[in-house]
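*Asks:* Can you read through this structure? Questions will come right after.
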Amino acid sequence: MSIVWGTITFMKIFSGTANIALAKKIAESLNIELSQLEIHVFPDQEKRIRVVDVVLEEHCVVVQPTATPADQNYMELFFIVDALKRSGAKAVTVVMPYLGYQRQDHIFRDGEAVSLEVVVKALEASGASRVIALDLHSIKIAEIFNVAISHLSALPLFARQIQKENLIKNAVLISPDMGGIRRIKILSELLGNMPYGCLVKDRDLVTGGIEIKELEIEEAGSVKNKDVIMVDDMISSGGTIVKGAELLKSKGTRNIYVFVTHPIFSQNATVILQESPVEKIFVTDSVLVTADKKFPKLEILSIASMIAEEINKNR
Ligand code: R5P
């Protein structure tokens, strides 16, 4: 990361409360200190945001992934952006490595809200001028934004880790559903055209419950006596990965490794993942994993330097 002090430093970086650890790492990579915000929570849980630093005519960056609790994190983000704009910030770049509500990007059944569109409109109305996102659930999501958006991916980071851990030999890449096939093809290319395949997953549109039915693996041949690297954009309940791993084991798979960008870890995900037939689970720090959600099979890779590099491109 190269920043030449004395020539260009017109930037301030702020953090909401969702992932301060990541914001600090990004600031460190940029060689600057996190700037001050006053975030006061009233007894009724409403928040009051105040910008302490002077930001007049400055380019400001706000780091705030909007995972659980998505509503609170979004509101906080809107208020931070609004406070920065009202304090005279020239532009506000929002680093949202996890975008809450991204799985509600279109109408699945008549009568539903397009929740993602609502929060994006609110973000733009609050004054955000640019967004940096990571591994969006679908590439079409970027089109919902009217402000500039950089859509980064953790796949190159995963490819490096897979090589470092020497996991390629006699292994097959597997997506747990058809929606992830683009992701798996990119990773396959990054790893010298590794064989890949895909599971077939059915989701109940009312309850959200899933069923993993079969394995489509033309490209990969058989998974019998092979290692499998499962790749997905997020783990929420953990059901997709655990059921997928169980199906793969029933087909004679040897070791299963998992690479997932966003560790949402809702309900008892961490417990069922630790107890699953998976060897190791690699995630990124796009979402903060608190100490109580860490488990022995988990390893967290940092996206901080990748984000810092992207911020630096448009300073
Ligand atoms: C769905 O299409 C996503 O790519 C993930 O597979 C899914 O959101 C994971 O959810 P869960 O961990 O609750 O199965």
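Each chain in the structure tokens gets a letter, A, B and so on, in the order shown; residues start at 1 in every chain, and ligands are counted from 1 in the order they appear.
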From a DSSP pass on the backbone, collect the residues of range 71-237 of chain A flagged as helix (DSSP H, G or I) and hand them back as a count of residues only.
*Replies:* 57
*Asks:* What do you get as a list in words if you pick all residues at most 8 Å from ligand 1, counting only C-alpha atoms and all ligand atoms?
*Replies:* Arg103, His137, Pro176, Asp177, Gly179, Gly180, Ile210, Asp232, Asp233, Met234, Ile235, Ser236, Ser237, Gly238, Gly239, Thr240, Ile241, Phe265, Ser266 and Ala269 of chain A
*Asks:* Range 26-128 of chain A near range 299-309 of chain A within 7 Å: what's each residue's closest atom pair and its distance in Å to one decimal, counting only C-alpha atoms, ordered by chain then ascending residue number, as JSON lines?
*Replies:*
```
{"residue": "A:Ile26", "atom": "CA", "partner": "A:Ala304", "partner_atom": "CA", "distance": 4.8}
{"residue": "A:Ser29", "atom": "CA", "partner": "A:Ser305", "partner_atom": "CA", "distance": 5.8}
{"residue": "A:Leu30", "atom": "CA", "partner": "A:Ala308", "partner_atom": "CA", "distance": 6.0}
```
*Asks:* Have a look at CA of Ile281 in chain A and CA of Thr66 in chain A and let me know their distance in Å, one decimal.
*Replies:*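 It comes out at 22.0 Å.
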*Asks:* As number ranges by chain, which residues of range 53-149 of chain A does DSSP assign to strand (DSSP E or B)?
*Replies:* A: 59-63, 91-96, 130-134, 148-149
*Asks:* Please produce a file of the residues just selected, as a short mmCIF file (atom, residue, chain, number, x, y, z; two decimals), in the first residue's frame, where the atoms kept are N, CA and C atoms.
*Replies:*
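Everything below was put into out.cif:
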```
data_model
loop_
_atom_site.label_atom_id
_atom_site.label_comp_id
_atom_site.auth_asym_id
_atom_site.auth_seq_id
_atom_site.Cartn_x
_atom_site.Cartn_y
_atom_site.Cartn_z
N HIS A 59 -12.74 14.42 1.38
CA HIS A 59 -13.30 13.16 0.91
C HIS A 59 -13.37 12.25 2.13
N CYS A 60 -14.57 11.78 2.47
CA CYS A 60 -14.73 10.94 3.67
C CYS A 60 -15.09 9.52 3.27
N VAL A 61 -14.60 8.58 4.07
CA VAL A 61 -14.91 7.16 3.85
C VAL A 61 -15.58 6.64 5.12
N VAL A 62 -16.67 5.90 4.96
CA VAL A 62 -17.35 5.31 6.12
C VAL A 62 -17.35 3.79 5.96
N VAL A 63 -16.87 3.08 6.97
CA VAL A 63 -16.88 1.61 6.91
C VAL A 63 -18.06 1.11 7.75
N ALA A 91 -17.28 14.51 -0.60
CA ALA A 91 -17.81 13.24 -1.10
C ALA A 91 -17.74 12.21 0.01
N VAL A 92 -18.69 11.26 -0.02
CA VAL A 92 -18.68 10.20 1.00
C VAL A 92 -18.68 8.84 0.30
N THR A 93 -17.60 8.11 0.51
CA THR A 93 -17.53 6.74 0.00
C THR A 93 -17.95 5.79 1.12
N VAL A 94 -18.90 4.93 0.82
CA VAL A 94 -19.37 3.97 1.83
C VAL A 94 -18.76 2.61 1.53
N VAL A 95 -17.99 2.10 2.49
CA VAL A 95 -17.44 0.75 2.37
C VAL A 95 -18.40 -0.19 3.08
N MET A 96 -19.13 -0.96 2.28
CA MET A 96 -20.15 -1.85 2.82
C MET A 96 -19.81 -3.27 2.36
N ARG A 130 -20.39 7.16 -3.36
CA ARG A 130 -19.75 5.99 -3.96
C ARG A 130 -19.86 4.84 -2.96
N VAL A 131 -19.96 3.63 -3.48
CA VAL A 131 -20.07 2.45 -2.62
C VAL A 131 -19.00 1.44 -3.01
N ILE A 132 -18.37 0.85 -1.99
CA ILE A 132 -17.45 -0.27 -2.26
C ILE A 132 -18.08 -1.50 -1.63
N ALA A 133 -18.41 -2.48 -2.48
CA ALA A 133 -19.09 -3.70 -2.01
C ALA A 133 -18.21 -4.91 -2.29
N LEU A 134 -18.55 -6.01 -1.68
CA LEU A 134 -17.74 -7.23 -1.84
C LEU A 134 -18.65 -8.44 -2.06
N ALA A 148 -21.78 5.57 -8.06
CA ALA A 148 -20.71 4.65 -8.51
C ALA A 148 -20.55 3.52 -7.51
N ILE A 149 -20.34 2.33 -8.03
CA ILE A 149 -20.14 1.18 -7.14
C ILE A 149 -18.94 0.36 -7.61
#
```
*Asks:* If we count only C-alpha atoms and set the cut-off at 8 Å, which residues sit around Glu33 in chain A, ignoring sequence neighbours fewer than 2 positions away in its own chain? Please answer as a list of chain:residue names.
*Replies:*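 Those residues are A:Ile13, A:Lys24, A:Ala27, A:Glu28, A:Asn31, A:Ser35.
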*Asks:* Between A:Lys12, A:Arg86, A:Arg160, A:Lys297, which has the minimum distance to Asp53 in chain A (counting only C-alpha atoms)?
*Replies:*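 Between A:Lys12, A:Arg86, A:Arg160, A:Lys297, the residue approaching Asp53 in chain A most closely is A:Lys12.
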*Asks:* Quick one: of A:Ile272, A:Val287, A:Val52, A:Leu191, who's nearest to Leu22 in chain A, counting only C-alpha atoms?
*Replies:*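 Of A:Ile272, A:Val287, A:Val52, A:Leu191, the one nearest Leu22 in chain A is A:Val287, counting only C-alpha atoms.
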*Asks:* When you draw a straight line from CA of Leu56 in chain A to CA of Phe10 in chain A, how long is it in Å?
*Replies:*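 For CA of Leu56 in chain A relative to CA of Phe10 in chain A, the distance reads 10.4 Å.
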